[in-house]
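Source file: query.pdb. Holds: PDB, C-alpha atoms, pLDDT in the B column.
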ATOM      1  CA  MET J 289       7.543 -10.445 -13.688  1.00 59.00           C
ATOM      2  CA  LYS J 290       4.566 -12.799 -13.373  1.00 57.00           C
ATOM      3  CA  LYS J 291       6.493 -15.014 -10.944  1.00 55.00           C
ATOM      4  CA  ALA J 292       7.410 -11.987  -8.806  1.00 55.00           C
ATOM      5  CA  LEU J 293       3.764 -10.841  -8.745  1.00 52.00           C
ATOM      6  CA  GLY J 294       2.666 -14.319  -7.714  1.00 51.00           C
ATOM      7  CA  LEU J 295       5.194 -14.461  -4.885  1.00 46.00           C
ATOM      8  CA  LEU J 296       4.219 -10.958  -3.758  1.00 52.00           C
ATOM      9  CA  ALA J 297       0.542 -11.915  -3.733  1.00 53.00           C
ATOM     10  CA  ALA J 298       1.121 -15.210  -1.947  1.00 47.00           C
ATOM     11  CA  ALA J 299       3.218 -13.533   0.733  1.00 48.00           C
ATOM     12  CA  ALA J 300       0.591 -10.849   1.258  1.00 49.00           C
ATOM     13  CA  LEU J 301      -2.248 -13.348   1.601  1.00 45.00           C
ATOM     14  CA  THR J 302      -0.564 -15.986   3.761  1.00 41.00           C
ATOM     15  CA  PHE J 303      -1.707 -16.078   7.393  1.00 41.00           C
ATOM     16  CA  SER J 304      -3.527 -12.762   7.200  1.00 45.00           C
ATOM     17  CA  CYS J 305      -6.967 -12.237   8.718  1.00 56.00           C
ATOM     18  CA  ALA J 306      -8.453 -11.768   5.267  1.00 63.00           C
ATOM     19  CA  ASN J 307     -10.138 -14.506   3.257  1.00 83.00           C
ATOM     20  CA  THR J 308      -8.035 -17.524   2.396  1.00 88.00           C
ATOM     21  CA  LEU J 309      -6.640 -17.954  -1.088  1.00 90.00           C
ATOM     22  CA  GLU J 310      -9.179 -20.742  -1.679  1.00 92.00           C
ATOM     23  CA  GLN J 311     -12.074 -18.471  -0.644  1.00 92.00           C
ATOM     24  CA  ILE J 312     -10.803 -15.697  -2.914  1.00 92.00           C
ATOM     25  CA  LYS J 313     -10.466 -18.042  -5.876  1.00 93.00           C
ATOM     26  CA  SER J 314     -13.896 -19.518  -5.176  1.00 93.00           C
ATOM     27  CA  SER J 315     -15.519 -16.059  -5.170  1.00 94.00           C
ATOM     28  CA  ASN J 316     -13.412 -15.014  -8.190  1.00 95.00           C
ATOM     29  CA  THR J 317     -13.100 -11.608  -6.500  1.00 95.00           C
ATOM     30  CA  LEU J 318     -10.098 -10.021  -4.798  1.00 95.00           C
ATOM     31  CA  ARG J 319     -10.920  -7.149  -2.418  1.00 96.00           C
ATOM     32  CA  ILE J 320      -7.981  -4.743  -2.372  1.00 95.00           C
ATOM     33  CA  GLY J 321      -7.691  -1.729  -0.087  1.00 95.00           C
ATOM     34  CA  VAL J 322      -6.105   1.396  -1.556  1.00 96.00           C
ATOM     35  CA  ALA J 323      -5.949   5.068  -0.597  1.00 94.00           C
ATOM     36  CA  GLU J 324      -8.612   7.363  -2.037  1.00 92.00           C
ATOM     37  CA  HIS J 325      -6.467  10.508  -2.242  1.00 92.00           C
ATOM     38  CA  SER J 326      -2.821   9.562  -2.645  1.00 91.00           C
ATOM     39  CA  ALA J 327      -1.850  10.437  -6.235  1.00 92.00           C
ATOM     40  CA  PRO J 328       0.120   9.157  -8.075  1.00 93.00           C
ATOM     41  CA  PHE J 329      -0.245   5.918  -6.080  1.00 93.00           C
ATOM     42  CA  SER J 330      -4.023   5.693  -5.926  1.00 94.00           C
ATOM     43  CA  LYS J 331      -6.889   8.124  -6.101  1.00 95.00           C
ATOM     44  CA  ILE J 332     -10.502   8.323  -7.163  1.00 96.00           C
ATOM     45  CA  ASN J 333     -10.798  10.068 -10.533  1.00 95.00           C
ATOM     46  CA  ASN J 334     -13.655  12.278 -11.805  1.00 95.00           C
ATOM     47  CA  ASN J 335     -15.537   9.159 -12.974  1.00 96.00           C
ATOM     48  CA  GLY J 336     -15.497   7.706  -9.449  1.00 95.00           C
ATOM     49  CA  GLU J 337     -12.967   5.012 -10.399  1.00 96.00           C
ATOM     50  CA  PHE J 338      -9.655   4.259  -8.737  1.00 96.00           C
ATOM     51  CA  GLU J 339      -6.491   4.960 -10.724  1.00 97.00           C
ATOM     52  CA  GLY J 340      -2.758   5.151 -10.104  1.00 96.00           C
ATOM     53  CA  PHE J 341       0.363   3.027  -9.711  1.00 94.00           C
ATOM     54  CA  GLU J 342      -0.964   0.938  -6.809  1.00 94.00           C
ATOM     55  CA  VAL J 343      -4.247   0.383  -8.671  1.00 95.00           C
ATOM     56  CA  ASP J 344      -2.313  -0.907 -11.691  1.00 95.00           C
ATOM     57  CA  LEU J 345      -0.248  -3.145  -9.384  1.00 93.00           C
ATOM     58  CA  ALA J 346      -3.453  -4.426  -7.762  1.00 93.00           C
ATOM     59  CA  LYS J 347      -4.932  -5.341 -11.148  1.00 94.00           C
ATOM     60  CA  GLU J 348      -1.798  -7.299 -12.062  1.00 93.00           C
ATOM     61  CA  LEU J 349      -1.846  -9.119  -8.713  1.00 91.00           C
ATOM     62  CA  ALA J 350      -5.504 -10.033  -9.265  1.00 93.00           C
ATOM     63  CA  LYS J 351      -4.624 -11.435 -12.701  1.00 94.00           C
ATOM     64  CA  ALA J 352      -1.807 -13.485 -11.158  1.00 93.00           C
ATOM     65  CA  ILE J 353      -4.185 -14.891  -8.521  1.00 93.00           C
ATOM     66  CA  LEU J 354      -7.486 -15.195 -10.419  1.00 95.00           C
ATOM     67  CA  GLY J 355      -6.542 -15.116 -14.084  1.00 93.00           C
ATOM     68  CA  ASP J 356      -8.052 -12.823 -16.703  1.00 90.00           C
ATOM     69  CA  GLY J 357     -11.646 -13.567 -15.659  1.00 90.00           C
ATOM     70  CA  GLY J 358     -11.186 -12.479 -12.045  1.00 92.00           C
ATOM     71  CA  ARG J 359     -12.719  -9.368 -10.537  1.00 93.00           C
ATOM     72  CA  VAL J 360     -10.970  -6.720  -8.435  1.00 94.00           C
ATOM     73  CA  GLU J 361     -13.050  -4.856  -5.881  1.00 95.00           C
ATOM     74  CA  PHE J 362     -11.270  -1.691  -4.746  1.00 96.00           C
ATOM     75  CA  VAL J 363     -11.994  -0.479  -1.232  1.00 96.00           C
ATOM     76  CA  GLY J 364     -10.995   3.077  -0.285  1.00 95.00           C
ATOM     77  CA  ILE J 365      -9.048   2.993   2.983  1.00 94.00           C
ATOM     78  CA  LYS J 366      -8.107   5.981   5.143  1.00 93.00           C
ATOM     79  CA  ALA J 367      -4.600   5.875   6.616  1.00 90.00           C
ATOM     80  CA  ALA J 368      -5.902   5.442  10.175  1.00 92.00           C
ATOM     81  CA  ASP J 369      -7.985   2.406   9.139  1.00 94.00           C
ATOM     82  CA  ARG J 370      -5.322   0.393   7.272  1.00 91.00           C
ATOM     83  CA  GLY J 371      -4.741  -2.197   9.994  1.00 90.00           C
ATOM     84  CA  LYS J 372      -8.433  -2.652  10.821  1.00 92.00           C
ATOM     85  CA  ALA J 373      -9.260  -3.131   7.149  1.00 93.00           C
ATOM     86  CA  VAL J 374      -7.044  -6.226   7.106  1.00 89.00           C
ATOM     87  CA  THR J 375      -7.638  -7.598  10.609  1.00 88.00           C
ATOM     88  CA  GLU J 376     -11.426  -7.145  10.369  1.00 92.00           C
ATOM     89  CA  ASN J 377     -11.533  -8.813   6.920  1.00 92.00           C
ATOM     90  CA  LYS J 378     -12.798  -5.743   5.052  1.00 94.00           C
ATOM     91  CA  VAL J 379     -10.119  -6.398   2.414  1.00 95.00           C
ATOM     92  CA  ASP J 380      -8.147  -9.434   1.302  1.00 93.00           C
ATOM     93  CA  LEU J 381      -5.084  -7.413   0.466  1.00 91.00           C
ATOM     94  CA  LEU J 382      -3.894  -3.897   1.253  1.00 92.00           C
ATOM     95  CA  ILE J 383      -1.750  -1.916  -1.178  1.00 92.00           C
ATOM     96  CA  HIS J 384      -1.088   1.291   0.691  1.00 87.00           C
ATOM     97  CA  ASN J 385       1.858   3.344   1.881  1.00 83.00           C
ATOM     98  CA  TRP J 386       2.581   1.672   5.215  1.00 84.00           C
ATOM     99  CA  ALA J 387       5.732   0.743   7.094  1.00 85.00           C
ATOM    100  CA  ARG J 388       6.265  -2.689   8.590  1.00 88.00           C
ATOM    101  CA  THR J 389       6.676  -2.643  12.375  1.00 91.00           C
ATOM    102  CA  SER J 390       7.060  -5.550  14.810  1.00 93.00           C
ATOM    103  CA  ALA J 391       3.610  -4.863  16.283  1.00 92.00           C
ATOM    104  CA  ARG J 392       1.938  -4.848  12.852  1.00 90.00           C
ATOM    105  CA  ALA J 393       3.834  -7.957  11.770  1.00 90.00           C
ATOM    106  CA  LYS J 394       2.264  -9.840  14.714  1.00 90.00           C
ATOM    107  CA  GLU J 395      -1.222  -9.209  13.273  1.00 87.00           C
ATOM    108  CA  MET J 396      -0.635  -9.530   9.518  1.00 87.00           C
ATOM    109  CA  ASP J 397       1.876 -10.492   6.858  1.00 88.00           C
ATOM    110  CA  PHE J 398       3.784  -8.024   4.752  1.00 88.00           C
ATOM    111  CA  SER J 399       5.032  -8.622   1.234  1.00 88.00           C
ATOM    112  CA  ILE J 400       8.440  -7.659   0.012  1.00 88.00           C
ATOM    113  CA  PRO J 401       8.537  -3.886  -0.619  1.00 86.00           C
ATOM    114  CA  TYR J 402       7.438  -2.793  -4.084  1.00 85.00           C
ATOM    115  CA  LEU J 403       8.580   0.797  -3.569  1.00 84.00           C
ATOM    116  CA  SER J 404      11.436   2.405  -1.690  1.00 83.00           C
ATOM    117  CA  VAL J 405      11.425   6.038  -0.632  1.00 80.00           C
ATOM    118  CA  THR J 406      14.372   8.087   0.536  1.00 82.00           C
ATOM    119  CA  LEU J 407      13.703  11.206   2.571  1.00 79.00           C
ATOM    120  CA  ALA J 408      16.160  14.069   2.764  1.00 80.00           C
ATOM    121  CA  VAL J 409      16.590  17.609   4.005  1.00 79.00           C
ATOM    122  CA  VAL J 410      17.614  20.003   1.266  1.00 84.00           C
ATOM    123  CA  ALA J 411      19.364  23.230   2.230  1.00 87.00           C
ATOM    124  CA  LYS J 412      21.876  25.700   0.841  1.00 89.00           C
ATOM    125  CA  LYS J 413      25.414  24.436   1.305  1.00 92.00           C
ATOM    126  CA  SER J 414      26.245  27.674   3.173  1.00 92.00           C
ATOM    127  CA  ASP J 415      23.643  26.800   5.886  1.00 90.00           C
ATOM    128  CA  ASN J 416      25.932  23.960   7.101  1.00 90.00           C
ATOM    129  CA  ILE J 417      23.123  21.519   7.891  1.00 90.00           C
ATOM    130  CA  HIS J 418      24.795  18.235   8.839  1.00 90.00           C
ATOM    131  CA  LYS J 419      22.597  16.834  11.605  1.00 90.00           C
ATOM    132  CA  VAL J 420      19.032  17.250  12.864  1.00 89.00           C
ATOM    133  CA  SER J 421      20.017  19.666  15.651  1.00 93.00           C
ATOM    134  CA  ASP J 422      21.396  22.038  12.966  1.00 92.00           C
ATOM    135  CA  LEU J 423      17.758  22.665  11.995  1.00 91.00           C
ATOM    136  CA  ASN J 424      16.959  24.263  15.384  1.00 92.00           C
ATOM    137  CA  GLY J 425      15.713  27.795  14.870  1.00 91.00           C
ATOM    138  CA  LYS J 426      15.435  27.403  11.073  1.00 89.00           C
ATOM    139  CA  LYS J 427      12.270  27.933   9.071  1.00 88.00           C
ATOM    140  CA  LEU J 428      11.274  24.659   7.400  1.00 87.00           C
ATOM    141  CA  LEU J 429       8.971  23.742   4.571  1.00 83.00           C
ATOM    142  CA  THR J 430       7.578  20.218   4.571  1.00 79.00           C
ATOM    143  CA  ILE J 431       5.491  18.507   1.949  1.00 73.00           C
TER     144      ILE J 431
END
Using the file provided, produce a representation of the structure as structure tokens.
Amino acid sequence: MKKALGLLAAAALTFSCANTLEQIKSSNTLRIGVAEHSAPFSKINNNGEFEGFEVDLAKELAKAILGDGGRVEFVGIKAADRGKAVTENKVDLLIHNWARTSARAKEMDFSIPYLSVTLAVVAKKSDNIHKVSDLNGKKLLTI
């Protein structure tokens, strides 16, 4: 597990616009961007602290990079500002729901995925929904 976290962290930090690994280690602080309102991944709780799966992952990555004495600085990032947060060096690392595209990959590095999501349309079998066009004229609920 520790080796996988180290590889994930190294891949995320390599060639990005954020601070170098040496600068991060020298400051003993890792600035990690996470969403403010994306439970159960990350959110700000009633005490004003970040919590959630991605927050826990971030803490483990910081330990792998800085050791037990390192400090994690969480930075709340809105979805529209994810790319700028990395390219403008507001964070060293971004742990946020975001798909890799060729355009984004030209500006920053992406780690291996730590989460996979499958999306589906659920309908009664009798509705005979087999392709997207079968949804034409149907009432839909999205979450």
Closest-contact table, stretch 380-430 of chain J side, partner stretch 348-365 of chain J, 10 Å, counting all atoms listed in the file, as a tab-separated table:
residue	atom	partner	partner_atom	distance
J:Asp380	CA	J:Glu361	CA	9.8
J:Leu381	CA	J:Leu349	CA	9.9
J:Leu382	CA	J:Ile365	CA	8.8
J:Ile383	CA	J:Ile365	CA	9.7
J:His384	CA	J:Ile365	CA	8.5
Step by step, work through what the PyMOL selection byres ((chain J and resi 368-373) around 12) selects in the shown file, and finish by giving those residues as a ChimeraX atom specification. /J:304-306,319-323,363-367,374-389,391-398
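The closest residue to J:Leu318, picked from J:Gly340, J:Asn335, J:Ala346, J:Val410 and counting all atoms listed in the file, is J:Ala346.
Taking all atoms listed in the file into account, J:Lys426 lies nearest to J:Ala411 out of the set J:Phe338, J:Glu324, J:Ser330, J:Ala411.
Between atom CA of J:Lys419 and atom CA of J:Pro401 the separation is 27.9 Å.
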Ref. answer, residues at most 12 Å from (7.2, 8.5, -1.0) with only C-alpha atoms, as an MDAnalysis selection string: chainID J and resid 326:329 384:387 402:408 431
Write out N, CA and C atoms for stretch 328-353 of chain J, as a PDB file, in the coordinates of the input.
ATOM      1  N   PRO J 328       0.433   9.960  -6.903  1.00 93.00           N
ATOM      2  CA  PRO J 328       0.120   9.157  -8.075  1.00 93.00           C
ATOM      3  C   PRO J 328      -0.084   7.678  -7.753  1.00 93.00           C
ATOM      4  N   PHE J 329      -0.123   7.321  -6.465  1.00 93.00           N
ATOM      5  CA  PHE J 329      -0.245   5.918  -6.080  1.00 93.00           C
ATOM      6  C   PHE J 329      -1.660   5.393  -6.292  1.00 93.00           C
ATOM      7  N   SER J 330      -2.622   6.049  -5.706  1.00 94.00           N
ATOM      8  CA  SER J 330      -4.023   5.693  -5.926  1.00 94.00           C
ATOM      9  C   SER J 330      -4.893   6.885  -5.572  1.00 94.00           C
ATOM     10  N   LYS J 331      -5.934   7.043  -6.351  1.00 95.00           N
ATOM     11  CA  LYS J 331      -6.889   8.124  -6.101  1.00 95.00           C
ATOM     12  C   LYS J 331      -8.174   7.791  -6.844  1.00 95.00           C
ATOM     13  N   ILE J 332      -9.237   8.467  -6.455  1.00 96.00           N
ATOM     14  CA  ILE J 332     -10.502   8.323  -7.163  1.00 96.00           C
ATOM     15  C   ILE J 332     -10.554   9.443  -8.197  1.00 96.00           C
ATOM     16  N   ASN J 333     -10.763   9.068  -9.469  1.00 95.00           N
ATOM     17  CA  ASN J 333     -10.798  10.068 -10.533  1.00 95.00           C
ATOM     18  C   ASN J 333     -12.186  10.696 -10.647  1.00 95.00           C
ATOM     19  N   ASN J 334     -12.379  11.564 -11.625  1.00 95.00           N
ATOM     20  CA  ASN J 334     -13.655  12.278 -11.805  1.00 95.00           C
ATOM     21  C   ASN J 334     -14.810  11.343 -12.161  1.00 95.00           C
ATOM     22  N   ASN J 335     -14.495  10.144 -12.647  1.00 96.00           N
ATOM     23  CA  ASN J 335     -15.537   9.159 -12.974  1.00 96.00           C
ATOM     24  C   ASN J 335     -15.861   8.245 -11.798  1.00 96.00           C
ATOM     25  N   GLY J 336     -15.244   8.518 -10.628  1.00 95.00           N
ATOM     26  CA  GLY J 336     -15.497   7.706  -9.449  1.00 95.00           C
ATOM     27  C   GLY J 336     -14.753   6.382  -9.445  1.00 95.00           C
ATOM     28  N   GLU J 337     -13.744   6.249 -10.314  1.00 96.00           N
ATOM     29  CA  GLU J 337     -12.967   5.012 -10.399  1.00 96.00           C
ATOM     30  C   GLU J 337     -11.580   5.236  -9.813  1.00 96.00           C
ATOM     31  N   PHE J 338     -11.008   4.168  -9.264  1.00 96.00           N
ATOM     32  CA  PHE J 338      -9.655   4.259  -8.737  1.00 96.00           C
ATOM     33  C   PHE J 338      -8.654   4.199  -9.884  1.00 96.00           C
ATOM     34  N   GLU J 339      -7.573   4.990  -9.744  1.00 97.00           N
ATOM     35  CA  GLU J 339      -6.491   4.960 -10.724  1.00 97.00           C
ATOM     36  C   GLU J 339      -5.180   5.265 -10.015  1.00 97.00           C
ATOM     37  N   GLY J 340      -4.075   4.877 -10.652  1.00 96.00           N
ATOM     38  CA  GLY J 340      -2.758   5.151 -10.104  1.00 96.00           C
ATOM     39  C   GLY J 340      -1.878   3.910 -10.118  1.00 96.00           C
ATOM     40  N   PHE J 341      -0.632   4.095  -9.698  1.00 94.00           N
ATOM     41  CA  PHE J 341       0.363   3.027  -9.711  1.00 94.00           C
ATOM     42  C   PHE J 341      -0.089   1.822  -8.889  1.00 94.00           C
ATOM     43  N   GLU J 342      -0.562   2.052  -7.664  1.00 94.00           N
ATOM     44  CA  GLU J 342      -0.964   0.938  -6.809  1.00 94.00           C
ATOM     45  C   GLU J 342      -2.214   0.240  -7.351  1.00 94.00           C
ATOM     46  N   VAL J 343      -3.062   0.960  -8.038  1.00 95.00           N
ATOM     47  CA  VAL J 343      -4.247   0.383  -8.671  1.00 95.00           C
ATOM     48  C   VAL J 343      -3.801  -0.536  -9.813  1.00 95.00           C
ATOM     49  N   ASP J 344      -2.846  -0.071 -10.610  1.00 95.00           N
ATOM     50  CA  ASP J 344      -2.313  -0.907 -11.691  1.00 95.00           C
ATOM     51  C   ASP J 344      -1.645  -2.166 -11.124  1.00 95.00           C
ATOM     52  N   LEU J 345      -0.884  -2.009 -10.046  1.00 93.00           N
ATOM     53  CA  LEU J 345      -0.248  -3.145  -9.384  1.00 93.00           C
ATOM     54  C   LEU J 345      -1.313  -4.118  -8.874  1.00 93.00           C
ATOM     55  N   ALA J 346      -2.364  -3.592  -8.279  1.00 93.00           N
ATOM     56  CA  ALA J 346      -3.453  -4.426  -7.762  1.00 93.00           C
ATOM     57  C   ALA J 346      -4.103  -5.247  -8.873  1.00 93.00           C
ATOM     58  N   LYS J 347      -4.315  -4.626 -10.021  1.00 94.00           N
ATOM     59  CA  LYS J 347      -4.932  -5.341 -11.148  1.00 94.00           C
ATOM     60  C   LYS J 347      -4.036  -6.478 -11.625  1.00 94.00           C
ATOM     61  N   GLU J 348      -2.737  -6.248 -11.646  1.00 93.00           N
ATOM     62  CA  GLU J 348      -1.798  -7.299 -12.062  1.00 93.00           C
ATOM     63  C   GLU J 348      -1.755  -8.427 -11.033  1.00 93.00           C
ATOM     64  N   LEU J 349      -1.807  -8.085  -9.753  1.00 91.00           N
ATOM     65  CA  LEU J 349      -1.846  -9.119  -8.713  1.00 91.00           C
ATOM     66  C   LEU J 349      -3.113  -9.957  -8.840  1.00 91.00           C
ATOM     67  N   ALA J 350      -4.236  -9.309  -9.096  1.00 93.00           N
ATOM     68  CA  ALA J 350      -5.504 -10.033  -9.265  1.00 93.00           C
ATOM     69  C   ALA J 350      -5.423 -10.988 -10.447  1.00 93.00           C
ATOM     70  N   LYS J 351      -4.801 -10.546 -11.537  1.00 94.00           N
ATOM     71  CA  LYS J 351      -4.624 -11.435 -12.701  1.00 94.00           C
ATOM     72  C   LYS J 351      -3.772 -12.637 -12.339  1.00 94.00           C
ATOM     73  N   ALA J 352      -2.701 -12.394 -11.557  1.00 93.00           N
ATOM     74  CA  ALA J 352      -1.807 -13.485 -11.158  1.00 93.00           C
ATOM     75  C   ALA J 352      -2.529 -14.484 -10.254  1.00 93.00           C
ATOM     76  N   ILE J 353      -3.470 -14.015  -9.456  1.00 93.00           N
ATOM     77  CA  ILE J 353      -4.185 -14.891  -8.521  1.00 93.00           C
ATOM     78  C   ILE J 353      -5.406 -15.530  -9.172  1.00 93.00           C
TER      79      ILE J 353
END
